[in-house]
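So this one's entry04.pdb, PDB, C-alpha atoms:
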ATOM      1  CA  PRO Y   1     -16.936 -10.586  62.205
ATOM      2  CA  THR Y   2     -13.370 -10.780  63.432
ATOM      3  CA  ALA Y   3     -12.048  -8.316  66.007
ATOM      4  CA  LYS Y   4     -10.246  -5.322  64.541
ATOM      5  CA  PRO Y   5      -6.618  -4.706  65.553
ATOM      6  CA  LYS Y   6      -6.229  -2.370  68.524
ATOM      7  CA  ASN Y   7      -3.517  -0.309  66.860
ATOM      8  CA  PHE Y   8      -2.971  -1.322  63.257
ATOM      9  CA  GLN Y   9      -1.011   1.795  62.317
ATOM     10  CA  GLY Y  10       1.303   1.523  65.312
ATOM     11  CA  THR Y  11       1.972  -2.160  64.677
ATOM     12  CA  PHE Y  12       2.600  -1.550  60.990
ATOM     13  CA  LEU Y  13       5.062   1.240  61.791
ATOM     14  CA  ARG Y  14       6.893  -1.052  64.215
ATOM     15  CA  ILE Y  15       7.269  -3.667  61.480
ATOM     16  CA  LEU Y  16       8.553  -1.020  59.057
ATOM     17  CA  GLN Y  17      11.097   0.028  61.685
ATOM     18  CA  LEU Y  18      12.293  -3.567  61.781
ATOM     19  CA  TYR Y  19      12.648  -3.534  58.000
ATOM     20  CA  SER Y  20      14.651  -0.315  58.223
ATOM     21  CA  ARG Y  21      17.519  -2.387  59.630
ATOM     22  CA  TRP Y  22      18.026  -3.636  56.087
ATOM     23  CA  ARG Y  23      17.272  -0.312  54.363
ATOM     24  CA  SER Y  24      20.089  -0.675  51.825
ATOM     25  CA  LYS Y  25      18.743  -4.047  50.688
ATOM     26  CA  MET Y  26      15.208  -2.642  50.599
ATOM     27  CA  VAL Y  27      16.363   0.214  48.342
ATOM     28  CA  LEU Y  28      17.991  -2.348  46.057
ATOM     29  CA  THR Y  29      14.768  -4.381  46.052
ATOM     30  CA  ILE Y  30      12.698  -1.335  45.080
ATOM     31  CA  THR Y  31      15.180  -0.580  42.304
ATOM     32  CA  LEU Y  32      14.957  -4.143  40.965
ATOM     33  CA  VAL Y  33      11.161  -4.045  41.060
ATOM     34  CA  THR Y  34      11.116  -0.740  39.187
ATOM     35  CA  MET Y  35      13.465  -2.067  36.507
ATOM     36  CA  SER Y  36      11.497  -5.302  36.191
ATOM     37  CA  THR Y  37       8.233  -3.399  35.792
ATOM     38  CA  ALA Y  38       9.740  -1.198  33.092
ATOM     39  CA  VAL Y  39      10.909  -4.302  31.206
ATOM     40  CA  SER Y  40       7.503  -5.995  31.578
ATOM     41  CA  ILE Y  41       5.725  -2.945  30.171
ATOM     42  CA  SER Y  42       8.108  -2.838  27.211
ATOM     43  CA  VAL Y  43       7.376  -6.447  26.166
ATOM     44  CA  PRO Y  44       3.824  -5.957  24.779
ATOM     45  CA  TYR Y  45       4.925  -2.701  23.133
ATOM     46  CA  TYR Y  46       7.659  -4.376  21.108
ATOM     47  CA  MET Y  47       5.459  -7.399  20.504
ATOM     48  CA  GLY Y  48       2.938  -5.107  18.856
ATOM     49  CA  LYS Y  49       5.694  -3.461  16.837
ATOM     50  CA  SER Y  50       6.805  -6.870  15.540
ATOM     51  CA  PHE Y  51       3.538  -7.125  13.579
ATOM     52  CA  ASP Y  52       4.617  -4.084  11.600
ATOM     53  CA  ALA Y  53       7.164  -6.332   9.888
ATOM     54  CA  PHE Y  54       4.291  -7.590   7.767
ATOM     55  CA  ASP Y  55       3.109  -5.093   5.160
ATOM     56  CA  LEU Y  56      -0.647  -5.369   4.662
ATOM     57  CA  GLN Y  57      -0.588  -3.599   1.333
ATOM     58  CA  THR Y  58       2.155  -5.542  -0.393
ATOM     59  CA  HIS Y  59       1.766  -8.720   1.719
ATOM     60  CA  ASN Y  60       5.528  -8.825   2.145
ATOM     61  CA  LEU Y  61       7.378  -9.792   5.305
ATOM     62  CA  ASN Y  62      10.387  -7.760   6.397
ATOM     63  CA  THR Y  63      12.403 -10.646   7.804
ATOM     64  CA  GLN Y  64      15.255  -8.517   9.120
ATOM     65  CA  LEU Y  65      12.886  -6.195  10.998
ATOM     66  CA  LEU Y  66      11.064  -9.173  12.493
ATOM     67  CA  LEU Y  67      14.314 -10.772  13.616
ATOM     68  CA  ASN Y  68      15.400  -7.500  15.238
ATOM     69  CA  TYR Y  69      12.197  -7.319  17.258
ATOM     70  CA  LEU Y  70      12.465 -10.984  18.211
ATOM     71  CA  VAL Y  71      15.988 -10.416  19.543
ATOM     72  CA  ILE Y  72      14.726  -7.438  21.536
ATOM     73  CA  LEU Y  73      11.853  -9.501  22.977
ATOM     74  CA  LEU Y  74      14.152 -12.377  23.954
ATOM     75  CA  SER Y  75      16.519  -9.918  25.626
ATOM     76  CA  LEU Y  76      13.637  -8.329  27.533
ATOM     77  CA  TYR Y  77      12.330 -11.708  28.726
ATOM     78  CA  PHE Y  78      15.813 -12.706  29.891
ATOM     79  CA  CYS Y  79      16.354  -9.404  31.706
ATOM     80  CA  ASN Y  80      12.955  -9.670  33.380
ATOM     81  CA  TRP Y  81      13.707 -13.218  34.546
ATOM     82  CA  LEU Y  82      17.092 -12.136  35.892
ATOM     83  CA  LEU Y  83      15.638  -9.140  37.732
ATOM     84  CA  MET Y  84      12.711 -11.096  39.215
ATOM     85  CA  THR Y  85      14.949 -13.953  40.342
ATOM     86  CA  SER Y  86      17.430 -11.579  41.985
ATOM     87  CA  ASN Y  87      14.603  -9.691  43.671
ATOM     88  CA  GLY Y  88      13.027 -12.934  44.908
ATOM     89  CA  ILE Y  89      16.282 -14.125  46.462
ATOM     90  CA  LEU Y  90      16.889 -10.744  48.089
ATOM     91  CA  MET Y  91      13.359 -10.493  49.506
ATOM     92  CA  ALA Y  92      13.591 -14.064  50.813
ATOM     93  CA  LYS Y  93      16.741 -13.171  52.753
ATOM     94  CA  ILE Y  94      15.157 -10.021  54.172
ATOM     95  CA  SER Y  95      11.949 -11.815  55.195
ATOM     96  CA  GLN Y  96      13.874 -14.636  56.866
ATOM     97  CA  ASN Y  97      15.929 -12.099  58.804
ATOM     98  CA  LEU Y  98      12.670 -10.484  59.883
ATOM     99  CA  VAL Y  99      11.310 -13.844  61.039
ATOM    100  CA  TYR Y 100      14.460 -14.438  63.075
ATOM    101  CA  VAL Y 101      14.235 -11.025  64.777
ATOM    102  CA  LEU Y 102      10.504 -11.310  65.491
ATOM    103  CA  ARG Y 103      10.790 -14.789  66.984
ATOM    104  CA  GLN Y 104      13.812 -13.808  69.042
ATOM    105  CA  GLU Y 105      12.022 -10.764  70.486
ATOM    106  CA  PHE Y 106       8.840 -12.818  70.967
ATOM    107  CA  PHE Y 107      10.755 -15.418  72.954
ATOM    108  CA  GLU Y 108      12.521 -12.762  75.040
ATOM    109  CA  LYS Y 109       9.124 -11.223  75.827
ATOM    110  CA  MET Y 110       7.762 -14.607  76.921
ATOM    111  CA  GLN Y 111      10.579 -14.951  79.455
ATOM    112  CA  LYS Y 112       9.313 -11.803  81.208
ATOM    113  CA  LEU Y 113       5.629 -12.780  81.348
ATOM    114  CA  PRO Y 114       4.138 -13.948  84.663
ATOM    115  CA  LEU Y 115       3.157 -17.584  85.173
ATOM    116  CA  LEU Y 116      -0.485 -16.506  85.149
ATOM    117  CA  PHE Y 117      -0.233 -15.855  81.412
ATOM    118  CA  PHE Y 118       0.885 -19.415  80.656
ATOM    119  CA  ASP Y 119      -1.703 -20.795  83.052
ATOM    120  CA  THR Y 120      -4.579 -18.971  81.355
ATOM    121  CA  HIS Y 121      -3.484 -19.257  77.702
ATOM    122  CA  SER Y 122      -3.296 -22.334  75.499
ATOM    123  CA  GLN Y 123       0.266 -23.457  74.821
ATOM    124  CA  GLY Y 124      -0.665 -24.520  71.312
ATOM    125  CA  ASP Y 125      -2.184 -21.108  70.529
ATOM    126  CA  THR Y 126       0.964 -19.378  71.823
ATOM    127  CA  MET Y 127       3.108 -21.670  69.661
ATOM    128  CA  SER Y 128       0.880 -20.902  66.670
ATOM    129  CA  ARG Y 129       1.510 -17.181  67.151
ATOM    130  CA  ILE Y 130       5.268 -17.608  67.273
ATOM    131  CA  THR Y 131       5.318 -19.876  64.193
ATOM    132  CA  ASN Y 132       2.350 -19.451  61.841
ATOM    133  CA  ASP Y 133       1.460 -15.836  62.597
ATOM    134  CA  ILE Y 134       5.027 -14.569  62.266
ATOM    135  CA  ASP Y 135       5.411 -16.495  58.999
ATOM    136  CA  ASN Y 136       2.252 -14.796  57.702
ATOM    137  CA  ILE Y 137       3.541 -11.366  58.736
ATOM    138  CA  SER Y 138       6.834 -11.929  56.959
ATOM    139  CA  THR Y 139       5.233 -13.340  53.807
ATOM    140  CA  ASN Y 140       2.548 -10.669  53.519
ATOM    141  CA  ILE Y 141       4.831  -7.716  54.195
ATOM    142  CA  SER Y 142       7.583  -8.904  51.857
ATOM    143  CA  GLN Y 143       5.147  -9.645  49.040
ATOM    144  CA  THR Y 144       3.003  -6.560  49.586
ATOM    145  CA  ILE Y 145       5.866  -4.084  49.247
ATOM    146  CA  ALA Y 146       7.099  -5.553  45.961
ATOM    147  CA  GLU Y 147       3.666  -6.251  44.482
ATOM    148  CA  PHE Y 148       2.207  -2.875  45.440
ATOM    149  CA  LEU Y 149       5.093  -0.973  43.871
ATOM    150  CA  SER Y 150       5.065  -3.190  40.801
ATOM    151  CA  SER Y 151       1.293  -2.822  40.372
ATOM    152  CA  VAL Y 152       1.340   0.977  40.654
ATOM    153  CA  LEU Y 153       4.219   1.324  38.199
ATOM    154  CA  SER Y 154       2.639  -1.192  35.803
ATOM    155  CA  ILE Y 155      -0.677   0.667  35.767
ATOM    156  CA  LEU Y 156       0.928   4.067  35.226
ATOM    157  CA  GLY Y 157       3.264   2.762  32.536
ATOM    158  CA  ALA Y 158       0.550   0.785  30.746
ATOM    159  CA  VAL Y 159      -1.845   3.739  30.724
ATOM    160  CA  ALA Y 160       0.892   6.021  29.369
ATOM    161  CA  ILE Y 161       1.746   3.624  26.532
ATOM    162  CA  MET Y 162      -1.928   2.953  25.749
ATOM    163  CA  TYR Y 163      -2.679   6.673  25.673
ATOM    164  CA  SER Y 164       0.193   7.292  23.263
ATOM    165  CA  LEU Y 165      -1.137   4.584  20.937
ATOM    166  CA  SER Y 166      -4.887   5.242  21.106
ATOM    167  CA  LYS Y 167      -6.671   7.786  23.286
ATOM    168  CA  GLU Y 168     -10.139   6.389  22.525
ATOM    169  CA  LEU Y 169      -9.315   2.788  23.440
ATOM    170  CA  THR Y 170      -7.554   3.965  26.616
ATOM    171  CA  LEU Y 171     -10.661   5.802  27.806
ATOM    172  CA  ILE Y 172     -12.813   2.726  27.085
ATOM    173  CA  VAL Y 173     -10.502   0.509  29.123
ATOM    174  CA  LEU Y 174     -10.452   2.979  32.033
ATOM    175  CA  LEU Y 175     -14.246   2.717  32.296
ATOM    176  CA  ALA Y 176     -13.753  -0.744  33.814
ATOM    177  CA  VAL Y 177     -11.551   0.572  36.657
ATOM    178  CA  PRO Y 178     -14.425   1.483  39.059
ATOM    179  CA  LEU Y 179     -15.976  -1.958  38.545
ATOM    180  CA  VAL Y 180     -12.696  -3.746  39.296
ATOM    181  CA  THR Y 181     -12.085  -1.521  42.343
ATOM    182  CA  GLY Y 182     -15.525  -2.252  43.778
ATOM    183  CA  LEU Y 183     -15.161  -5.976  43.176
ATOM    184  CA  THR Y 184     -11.745  -5.996  44.842
ATOM    185  CA  LYS Y 185     -13.084  -4.238  47.946
ATOM    186  CA  LEU Y 186     -15.979  -6.695  48.144
ATOM    187  CA  LEU Y 187     -13.725  -9.744  47.915
ATOM    188  CA  ALA Y 188     -11.253  -8.272  50.426
ATOM    189  CA  SER Y 189     -13.979  -7.579  53.000
ATOM    190  CA  LYS Y 190     -15.311 -11.141  52.690
ATOM    191  CA  SER Y 191     -11.932 -12.875  52.680
ATOM    192  CA  ARG Y 192     -10.675 -10.898  55.708
ATOM    193  CA  ILE Y 193     -13.379 -12.456  57.903
ATOM    194  CA  HIS Y 194     -12.559 -15.990  56.736
ATOM    195  CA  PHE Y 195      -8.815 -15.411  57.103
ATOM    196  CA  GLY Y 196      -9.266 -14.242  60.692
ATOM    197  CA  GLN Y 197     -11.391 -17.279  61.467
ATOM    198  CA  GLN Y 198      -8.795 -19.524  59.833
ATOM    199  CA  GLN Y 199      -6.041 -18.169  62.085
ATOM    200  CA  LYS Y 200      -8.286 -18.601  65.132
ATOM    201  CA  ASN Y 201      -9.073 -22.208  64.222
ATOM    202  CA  LEU Y 202      -5.387 -22.859  63.568
ATOM    203  CA  GLY Y 203      -4.564 -21.692  67.080
ATOM    204  CA  ILE Y 204      -7.277 -23.959  68.527
ATOM    205  CA  LEU Y 205      -5.992 -26.896  66.474
ATOM    206  CA  ASN Y 206      -2.428 -26.370  67.659
ATOM    207  CA  GLY Y 207      -3.725 -26.137  71.223
ATOM    208  CA  ILE Y 208      -5.468 -29.497  70.892
ATOM    209  CA  ILE Y 209      -2.392 -31.106  69.342
ATOM    210  CA  GLU Y 210      -0.047 -29.718  71.988
ATOM    211  CA  GLU Y 211      -2.219 -30.552  75.006
ATOM    212  CA  ASN Y 212      -3.967 -33.770  73.932
ATOM    213  CA  ILE Y 213      -1.480 -35.480  71.629
ATOM    214  CA  THR Y 214       1.941 -34.220  72.699
ATOM    215  CA  GLY Y 215       0.819 -34.500  76.342
ATOM    216  CA  LEU Y 216      -0.980 -37.813  75.840
ATOM    217  CA  LYS Y 217       1.056 -39.665  78.496
ATOM    218  CA  LEU Y 218       0.387 -36.898  81.004
ATOM    219  CA  VAL Y 219      -3.348 -37.066  80.272
ATOM    220  CA  LYS Y 220      -3.324 -40.846  80.753
ATOM    221  CA  ALA Y 221      -1.307 -40.589  83.961
ATOM    222  CA  PHE Y 222      -4.014 -38.425  85.546
ATOM    223  CA  ASN Y 223      -6.821 -40.495  83.973
TER     224      ASN Y 223
END

In C-alpha coordinates, what does this structure look like?
Amino acid sequence: PTAKPKNFQGTFLRILQLYSRWRSKMVLTITLVTMSTAVSISVPYYMGKSFDAFDLQTHNLNTQLLLNYLVILLSLYFCNWLLMTSNGILMAKISQNLVYVLRQEFFEKMQKLPLLFFDTHSQGDTMSRITNDIDNISTNISQTIAEFLSSVLSILGAVAIMYSLSKELTLIVLLAVPLVTGLTKLLASKSRIHFGQQQKNLGILNGIIEENITGLKLVKAFN
(Lines of atoms letter the chains of each structure in order from A and count residues from 1; the text may use other names and numbers.)
(Lines give C-alpha, C1' and ligand atoms only; values in the text may rest on other atoms or scores of the structure.)
Protein backbone atom coordinates (compact mmCIF):
# COMPACT_ATOMS: atom_id res chain seq x y z
CA PRO A 1 0.00 0.00 0.00
CA THR A 2 1.10 3.54 -0.71
CA ALA A 3 2.32 5.81 2.08
CA LYS A 4 -0.34 8.08 3.54
CA PRO A 5 0.21 11.85 3.42
CA LYS A 6 1.87 13.26 6.54
CA ASN A 7 -0.59 16.13 6.85
CA PHE A 8 -3.41 15.86 4.34
CA GLN A 9 -5.66 18.39 6.07
CA GLY A 10 -2.90 20.97 6.38
CA THR A 11 -1.88 20.58 2.74
CA PHE A 12 -5.48 20.79 1.58
CA LEU A 13 -6.03 23.97 3.59
CA ARG A 14 -2.90 25.50 2.07
CA ILE A 15 -4.23 24.79 -1.42
CA LEU A 16 -7.60 26.33 -0.50
CA GLN A 17 -5.75 29.41 0.73
CA LEU A 18 -4.13 29.66 -2.69
CA TYR A 19 -7.55 29.44 -4.31
CA SER A 20 -8.80 32.21 -2.02
CA ARG A 21 -6.70 34.63 -4.08
CA TRP A 22 -9.36 34.28 -6.76
CA ARG A 23 -12.34 34.14 -4.37
CA SER A 24 -14.53 36.37 -6.55
CA LYS A 25 -14.06 34.06 -9.53
CA MET A 26 -14.67 31.02 -7.32
CA VAL A 27 -17.97 32.52 -6.11
CA LEU A 28 -18.95 33.08 -9.74
CA THR A 29 -18.00 29.49 -10.55
CA ILE A 30 -20.14 28.14 -7.71
CA THR A 31 -23.03 30.29 -8.92
CA LEU A 32 -22.68 28.97 -12.48
CA VAL A 33 -22.55 25.38 -11.24
CA THR A 34 -25.67 25.91 -9.14
CA MET A 35 -27.56 27.42 -12.07
CA SER A 36 -26.40 24.67 -14.42
CA THR A 37 -27.51 21.97 -11.98
CA ALA A 38 -30.93 23.57 -11.62
CA VAL A 39 -31.31 23.62 -15.42
CA SER A 40 -30.15 19.99 -15.73
CA ILE A 41 -32.70 18.86 -13.15
CA SER A 42 -35.47 20.72 -14.97
CA VAL A 43 -34.83 18.95 -18.30
CA PRO A 44 -36.21 15.48 -17.40
CA TYR A 45 -39.13 17.11 -15.58
CA TYR A 46 -40.29 19.00 -18.66
CA MET A 47 -39.47 16.04 -20.87
CA GLY A 48 -41.89 13.97 -18.83
CA LYS A 49 -44.49 16.72 -19.04
CA SER A 50 -44.20 16.72 -22.84
CA PHE A 51 -45.78 13.25 -22.91
CA ASP A 52 -48.91 14.76 -21.40
CA ALA A 53 -49.53 16.37 -24.79
CA PHE A 54 -50.83 12.99 -25.90
CA ASP A 55 -54.23 12.11 -24.47
CA LEU A 56 -54.47 8.37 -23.81
CA GLN A 57 -58.24 8.39 -23.66
CA THR A 58 -59.01 10.26 -26.85
CA HIS A 59 -55.72 9.39 -28.61
CA ASN A 60 -55.38 13.02 -29.63
CA LEU A 61 -52.16 15.01 -29.72
CA ASN A 62 -52.13 18.57 -28.40
CA THR A 63 -49.66 19.97 -30.91
CA GLN A 64 -49.47 23.43 -29.37
CA LEU A 65 -48.73 22.03 -25.90
CA LEU A 66 -46.05 19.76 -27.33
CA LEU A 67 -44.42 22.62 -29.20
CA ASN A 68 -44.40 24.73 -26.03
CA TYR A 69 -42.59 22.02 -24.11
CA LEU A 70 -40.14 21.48 -26.97
CA VAL A 71 -39.27 25.19 -26.96
CA ILE A 72 -38.74 25.04 -23.21
CA LEU A 73 -36.48 21.98 -23.56
CA LEU A 74 -34.41 23.59 -26.32
CA SER A 75 -34.03 26.72 -24.20
CA LEU A 76 -32.93 24.66 -21.20
CA TYR A 77 -30.36 22.73 -23.25
CA PHE A 78 -28.96 25.97 -24.66
CA CYS A 79 -28.77 27.60 -21.22
CA ASN A 80 -27.07 24.53 -19.77
CA TRP A 81 -24.49 24.52 -22.58
CA LEU A 82 -23.83 28.23 -22.09
CA LEU A 83 -23.44 27.87 -18.32
CA MET A 84 -21.19 24.80 -18.54
CA THR A 85 -18.99 26.38 -21.21
CA SER A 86 -18.60 29.60 -19.21
CA ASN A 87 -17.83 27.62 -16.06
CA GLY A 88 -15.27 25.48 -17.90
CA ILE A 89 -13.43 28.51 -19.25
CA LEU A 90 -13.45 30.20 -15.84
CA MET A 91 -12.20 27.09 -14.00
CA ALA A 92 -9.48 26.60 -16.62
CA LYS A 93 -8.19 30.13 -15.98
CA ILE A 94 -8.24 29.62 -12.22
CA SER A 95 -6.47 26.25 -12.41
CA GLN A 96 -3.78 27.62 -14.73
CA ASN A 97 -3.19 30.52 -12.34
CA LEU A 98 -2.84 27.98 -9.55
CA VAL A 99 -0.31 25.99 -11.58
CA TYR A 100 1.71 29.15 -12.19
CA VAL A 101 1.76 30.06 -8.47
CA LEU A 102 2.62 26.53 -7.33
CA ARG A 103 5.47 26.14 -9.81
CA GLN A 104 6.82 29.58 -9.01
CA GLU A 105 6.84 28.86 -5.27
CA PHE A 106 8.24 25.36 -5.91
CA PHE A 107 11.12 26.83 -7.91
CA GLU A 108 11.80 29.50 -5.28
CA LYS A 109 11.92 26.76 -2.63
CA MET A 110 14.41 24.76 -4.70
CA GLN A 111 16.77 27.74 -4.79
CA LYS A 112 17.01 27.59 -0.98
CA LEU A 113 17.65 23.84 -0.69
CA PRO A 114 21.18 22.61 0.10
CA LEU A 115 23.24 20.82 -2.55
CA LEU A 116 22.84 17.61 -0.56
CA PHE A 117 19.19 17.47 -1.60
CA PHE A 118 20.02 17.52 -5.31
CA ASP A 119 22.84 15.05 -4.77
CA THR A 120 20.59 12.51 -3.04
CA HIS A 121 17.40 12.94 -5.10
CA SER A 122 16.75 12.01 -8.72
CA GLN A 123 16.54 15.03 -11.01
CA GLY A 124 13.86 13.35 -13.09
CA ASP A 125 11.71 12.65 -10.02
CA THR A 126 12.05 16.29 -8.92
CA MET A 127 11.05 17.44 -12.41
CA SER A 128 8.08 15.06 -12.32
CA ARG A 129 6.88 16.68 -9.09
CA ILE A 130 7.08 20.18 -10.51
CA THR A 131 5.29 19.20 -13.74
CA ASN A 132 3.06 16.12 -13.47
CA ASP A 133 2.19 16.30 -9.77
CA ILE A 134 1.26 19.98 -9.86
CA ASP A 135 -0.85 19.38 -12.98
CA ASN A 136 -2.68 16.60 -11.11
CA ILE A 137 -3.27 18.86 -8.10
CA SER A 138 -4.71 21.60 -10.28
CA THR A 139 -6.90 19.24 -12.32
CA ASN A 140 -8.25 17.31 -9.34
CA ILE A 141 -8.98 20.35 -7.18
CA SER A 142 -10.63 22.33 -9.98
CA GLN A 143 -12.79 19.39 -11.05
CA THR A 144 -13.59 18.21 -7.53
CA ILE A 145 -15.04 21.53 -6.37
CA ALA A 146 -17.39 21.85 -9.35
CA GLU A 147 -18.33 18.17 -9.55
CA PHE A 148 -18.90 17.77 -5.81
CA LEU A 149 -21.21 20.78 -5.66
CA SER A 150 -23.01 19.74 -8.82
CA SER A 151 -23.47 16.16 -7.57
CA VAL A 152 -24.86 17.22 -4.19
CA LEU A 153 -27.29 19.69 -5.74
CA SER A 154 -28.32 17.19 -8.43
CA ILE A 155 -29.08 14.49 -5.86
CA LEU A 156 -31.08 16.81 -3.62
CA GLY A 157 -32.99 18.31 -6.53
CA ALA A 158 -33.68 14.95 -8.17
CA VAL A 159 -34.93 13.41 -4.93
CA ALA A 160 -37.21 16.40 -4.31
CA ILE A 161 -38.74 16.19 -7.79
CA MET A 162 -39.06 12.39 -7.62
CA TYR A 163 -40.73 12.61 -4.21
CA SER A 164 -43.24 15.15 -5.51
CA LEU A 165 -44.12 12.85 -8.41
CA SER A 166 -44.17 9.46 -6.67
CA LYS A 167 -43.27 8.72 -3.06
CA GLU A 168 -43.26 4.94 -3.56
CA LEU A 169 -40.90 4.95 -6.54
CA THR A 170 -38.59 7.40 -4.74
CA LEU A 171 -38.24 5.07 -1.75
CA ILE A 172 -37.50 2.13 -4.07
CA VAL A 173 -34.76 4.07 -5.83
CA LEU A 174 -33.21 5.18 -2.52
CA LEU A 175 -32.77 1.53 -1.53
CA ALA A 176 -29.92 1.34 -4.04
CA VAL A 177 -27.98 4.20 -2.39
CA PRO A 178 -26.14 2.04 0.23
CA LEU A 179 -25.07 -0.39 -2.50
CA VAL A 180 -23.70 2.40 -4.70
CA THR A 181 -21.94 4.00 -1.71
CA GLY A 182 -20.25 0.74 -0.75
CA LEU A 183 -19.18 0.05 -4.32
CA THR A 184 -17.75 3.56 -4.66
CA LYS A 185 -15.69 3.19 -1.48
CA LEU A 186 -14.37 -0.18 -2.67
CA LEU A 187 -13.31 1.17 -6.06
CA ALA A 188 -11.75 4.28 -4.49
CA SER A 189 -9.67 2.23 -2.03
CA LYS A 190 -8.37 0.00 -4.85
CA SER A 191 -7.70 2.79 -7.34
CA ARG A 192 -5.86 4.94 -4.76
CA ILE A 193 -3.15 2.29 -4.42
CA HIS A 194 -2.68 2.00 -8.19
CA PHE A 195 -2.69 5.78 -8.64
CA GLY A 196 0.04 6.18 -6.03
CA GLN A 197 2.11 3.49 -7.71
CA GLN A 198 1.55 5.15 -11.08
CA GLN A 199 2.93 8.46 -9.80
CA LYS A 200 5.91 6.66 -8.27
CA ASN A 201 6.68 4.86 -11.52
CA LEU A 202 6.28 8.12 -13.44
CA GLY A 203 8.92 9.72 -11.23
CA ILE A 204 11.27 6.76 -11.80
CA LEU A 205 10.67 6.94 -15.56
CA ASN A 206 11.42 10.66 -15.67
CA GLY A 207 14.56 10.00 -13.63
CA ILE A 208 15.76 7.43 -16.15
CA ILE A 209 14.99 9.73 -19.08
CA GLU A 210 16.72 12.72 -17.49
CA GLU A 211 19.85 10.88 -16.34
CA ASN A 212 20.32 8.23 -19.04
CA ILE A 213 18.93 9.83 -22.19
CA THR A 214 19.26 13.58 -21.67
CA GLY A 215 22.69 12.98 -20.09
CA LEU A 216 23.72 10.34 -22.63
CA LYS A 217 26.87 12.21 -23.74
CA LEU A 218 27.94 12.64 -20.13
CA VAL A 219 27.44 8.92 -19.48
CA LYS A 220 29.52 8.05 -22.55
CA ALA A 221 32.25 10.52 -21.61
CA PHE A 222 32.80 8.72 -18.30
CA ASN A 223 32.35 5.28 -19.91

Exercise for the section: For each of Y:Gly215, Y:Pro178, Y:Gly203, Y:Gly196, take the minimum atom-to-atom distance to His121 in chain Y, counting only C-alpha atoms, then give the residue where this is smallest. Expected result: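 Among the listed residues, Y:Gly203 lies closest to His121 in chain Y.
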
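For the structure in this document, the set picked by the PyMOL selection byres ((chain Y and resi 69-74) around 8) is Y:Val43, Y:Tyr46, Y:Met47, Y:Lys49, Y:Ser50, Y:Leu65, Y:Leu66, Y:Leu67, Y:Asn68, Y:Ser75, Y:Leu76, Y:Tyr77, Y:Phe78.
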
Exercise for the section: On this file, the PyMOL selection byres ((chain Y and resi 130) around 10) gives some set of residues; write that set as a list of chain:residue names. Expected result: Y:Val99, Y:Leu102, Y:Arg103, Y:Gln104, Y:Phe106, Y:Phe107, Y:Gly124, Y:Asp125, Y:Thr126, Y:Met127, Y:Ser128, Y:Arg129, Y:Thr131, Y:Asn132, Y:Asp133, Y:Ile134, Y:Asp135

Exercise for the section: In Å, rounded to a single decimal, give me how far CA of Ser142 in chain Y is from CA of Met91 in chain Y. Expected result: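 Spanning CA of Met91 in chain Y to CA of Ser142 in chain Y is a straight-line distance of 6.4 Å.
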
Check which residues of range 11-45 of chain Y sit at most 12 Å from range 143-155 of chain Y using only C-alpha atoms, and return one row each with the closest pair of atoms and their distance in Å to one decimal, ordered by chain and rising number, as a tab-separated table.
residue	atom	partner	partner_atom	distance
Y:Leu16	CA	Y:Ile145	CA	10.6
Y:Tyr19	CA	Y:Ile145	CA	11.1
Y:Met26	CA	Y:Ile145	CA	9.5
Y:Val27	CA	Y:Ala146	CA	11.2
Y:Leu28	CA	Y:Ala146	CA	11.4
Y:Thr29	CA	Y:Ala146	CA	7.8
Y:Ile30	CA	Y:Ala146	CA	7.1
Y:Thr31	CA	Y:Ala146	CA	10.2
Y:Leu32	CA	Y:Ala146	CA	9.4
Y:Val33	CA	Y:Ser150	CA	6.2
Y:Thr34	CA	Y:Ser150	CA	6.7
Y:Met35	CA	Y:Ser150	CA	9.5
Y:Ser36	CA	Y:Ser150	CA	8.2
Y:Thr37	CA	Y:Ser150	CA	5.9
Y:Ala38	CA	Y:Ser154	CA	7.6
Y:Val39	CA	Y:Ser154	CA	10.0
Y:Ser40	CA	Y:Ser154	CA	8.0
Y:Ile41	CA	Y:Ser154	CA	6.7
Y:Ser42	CA	Y:Ser154	CA	10.3
Y:Val43	CA	Y:Ser154	CA	12.0

Could you make a table, as CSV, of the residues of range 69-164 of chain Y that have an atom within 12 Å of an atom of range 8-14 of chain Y, each with its nearest atom pair and distance in Å to one decimal, counting all atoms listed in the file, in chain and number order?
residue,atom,partner,partner_atom,distance
Y:Leu98,CA,Y:Arg14,CA,11.9
Y:Leu102,CA,Y:Arg14,CA,10.9
Y:Ile137,CA,Y:Phe12,CA,10.1
Y:Ser138,CA,Y:Phe12,CA,11.9
Y:Asn140,CA,Y:Phe12,CA,11.8
Y:Ile141,CA,Y:Phe12,CA,9.4

Exercise for the section: Could you tell me how far CA of Asn201 in chain Y lies from CA of Met110 in chain Y, in Å and to one decimal? Expected result: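 Distance between the two atoms: 22.4 Å.
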
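You can rank Y:Gly157, Y:Pro114, Y:Gly182, Y:Gly88 by their closest distance to Thr139 in chain Y using only C-alpha atoms, and at the top of that list sits Y:Gly88.
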